[in-house]
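Student: My questions will all concern the structure given below.
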Amino acid sequence: MVRVCYSLLVLLICVPVLSVPKKAAAATDSPNVIVIFVDDQGYYDLGCYGATEVETPRIDAMAREGMLFEDYYAAAPICSPSRAGLLTGCYPRRVGNHIWVHRADSIAGIHPDELTLAELFQANGYATACIGKWHLGFAEPFLPKNQGFDEYFGLLHNLDPVEVVYFGDKGVPLMRNDSVVKQPADPAELTQIYTDEAIAFIEKNKEHPFFLYVPHTMLHHPLGVSEPFRGSSNWGEYGDAIQELDANVGRIFDTLKNLQIDDNTIVIYASDNGRGPGRTPEQKIQGRKLSTYEGGIRVPAIAWGPGAGIQAGKRSAAVTRAMDWYPTLATLAGISVPEGRVIDGRDITSLLKGDTQFVPAASLKKTLNALVPLRRRWEPPEEWAALIKRHEFNDAFFYHGSQGELAAVRWKNWKLQLNPTPLLYDLAADPGEKTAVRNREVTRKLRGMAILFQHEMLADARPPGVVNRPGANGKTLIPRLMSEGLNTSLGVTYARYGDRTLEMDIYRPNDAWGKLPAVV
């Protein structure tokens, strides 16, 4: 008998495709949007966040000219789920992409019926490109070209040693759309060539609105630094790679200015999760990627866009999440999130523009997509209805671990770690989560939020995209759901061979009700 911990949701249902009305070419005054998504950069690992081991003058300048977020959370503490949350505006669990990462042999990805941020912009006349690390599924339905991107250049996979094993001696390929450009890819040149490609795309579309997503491979292990930046920092190869990223962010800003389109461009800079292992300089928050301590999931984020009305020189203490960019960028571009599309992101446009200091309740209707959070299920039983208001629930952040388990809840300055024993922290007074505090009312409120969230996800979570994999006998293996519920295991039958059946009983790990093993 093998004991393992899994979190698995198998749903064999059909999700209707929500149509997005196509526009002709967007108006020339529609703002360009660039999202620079860095891999494994810790919360303090920029000059503007307090790092002294590195110099990041170009990103620091972006922060001075824009808004820096002090309490911003990635969608997950690990690569693939984090990217799914950013591009769909949903908790990764809602879209079935919440468990670990997609490896090269993965049969799953973002479901084709999901409406990615790229698809939303593409449908509204924008040119779209993804340049960098994809990591959201590798079968045909899950590739960037089928998720809203007109163009793709980069690595579909990451460069973990386990990925190299899949590709053998050839190594992980660098791709342009469906064609191999180079194999194996050289980590030391990726930051430079991604930026070269990004600049070429910007120049090609300087007179047409564009949505450009640049998910860098750095700072993920194995690190790669080009010759001019080796030894340039006081933080080893990690610091050198940060300084190279900074210089290349500067190249993008220089291009926007030289083309005189900087006044009509919005730039977002953020990390996908916290630092990787072995990066030792102290920081006030503890933890690293994969964990739900603050250091694993609270990350740097900066929004820049003077021409769009984004405030300059502001630091925001509002609790914001990667999912919030979806409705916010749509609003800044004058695009409505289609009716019926349920997402978890909130429109923070009023915060960016200085109309409010915190994210206003959806009912105030302050922005184009303000009402989107009200599409989420809200059917609290009486026990919780009197304790938890709807806008409080929408503003809470639900931390999920690397295996997809619900692990903690944050509301305002309070954070409740759910297991193995519920522990409450006041992050305003104790950002390092060193000393748990007692507050019975707050603990009950946050535990109630966790229970309501679990019910919501069990009722409304959508399936991942899955391609069928043939079995040893050439027949397709399709999992069949045998049971589901809050207090039951999931029994899944995978295949039948004569009188033998392969079955698994799967239990929720690290959930609000405690840690449970799976028996396979």
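Residues are named by chain letter and number: chains run A, B, ... in the order of the structure tokens, numbers start at 1 in each chain, and ligands are numbered from 1 in the order shown.
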Report as an MDAnalysis selection string all protein, DNA and RNA residues lying within 9 Å of Thr292 (chain A), evaluated on only C-alpha atoms, omitting residues in the same chain fewer than 4 positions from it.
Tutor: chainID A and resid 76:77 287:288 296:298 399:402 407:408 417
Student: Set out as a Markdown table a contact list for region 160-229 of chain A and region 326-339 of chain A with a cut-off of 12 Å, giving each residue of region 160-229 of chain A that qualifies its closest atom pair and distance in Å to one decimal, counting only C-alpha atoms, ordered by chain and rising residue number.
Tutor:
```
| residue | atom | partner | partner_atom | distance |
| --- | --- | --- | --- | --- |
| A:Pro209 | CA | A:Ala333 | CA | 9.7 |
| A:Phe210 | CA | A:Ala333 | CA | 10.6 |
| A:Phe211 | CA | A:Leu329 | CA | 10.1 |
```
Student: Please dump the current selection as a PDB file, in the first residue's frame; keep N, CA and C atoms.
Tutor:
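Heads up, here's the output in out10.pdb:
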```pdb
ATOM      1  N   PRO A 209      -3.426  48.742 -31.354  1.00  0.00           N
ATOM      2  CA  PRO A 209      -3.408  48.340 -29.942  1.00  0.00           C
ATOM      3  C   PRO A 209      -2.977  46.890 -29.776  1.00  0.00           C
ATOM      4  N   PHE A 210      -2.181  46.638 -28.758  1.00  0.00           N
ATOM      5  CA  PHE A 210      -1.677  45.283 -28.545  1.00  0.00           C
ATOM      6  C   PHE A 210      -1.743  44.895 -27.078  1.00  0.00           C
ATOM      7  N   PHE A 211      -1.838  43.584 -26.862  1.00  0.00           N
ATOM      8  CA  PHE A 211      -1.726  42.977 -25.540  1.00  0.00           C
ATOM      9  C   PHE A 211      -0.514  42.056 -25.589  1.00  0.00           C
TER      10      PHE A 211
END
```
Student: For Gly171 (chain A), which residue among A:Gly465, A:Pro422, A:Pro184, A:Pro380 is the nearest when counting only C-alpha atoms?
Tutor: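 With only C-alpha atoms as the atom set, the closest residue is A:Pro184.
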Student: Pick out the closest residue to Gly307 (chain A) from this set: A:Glu282, A:Glu294, A:Glu237, A:Asp263. Count only C-alpha atoms.
Tutor: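 Closest residue, counting only C-alpha atoms: A:Asp263.
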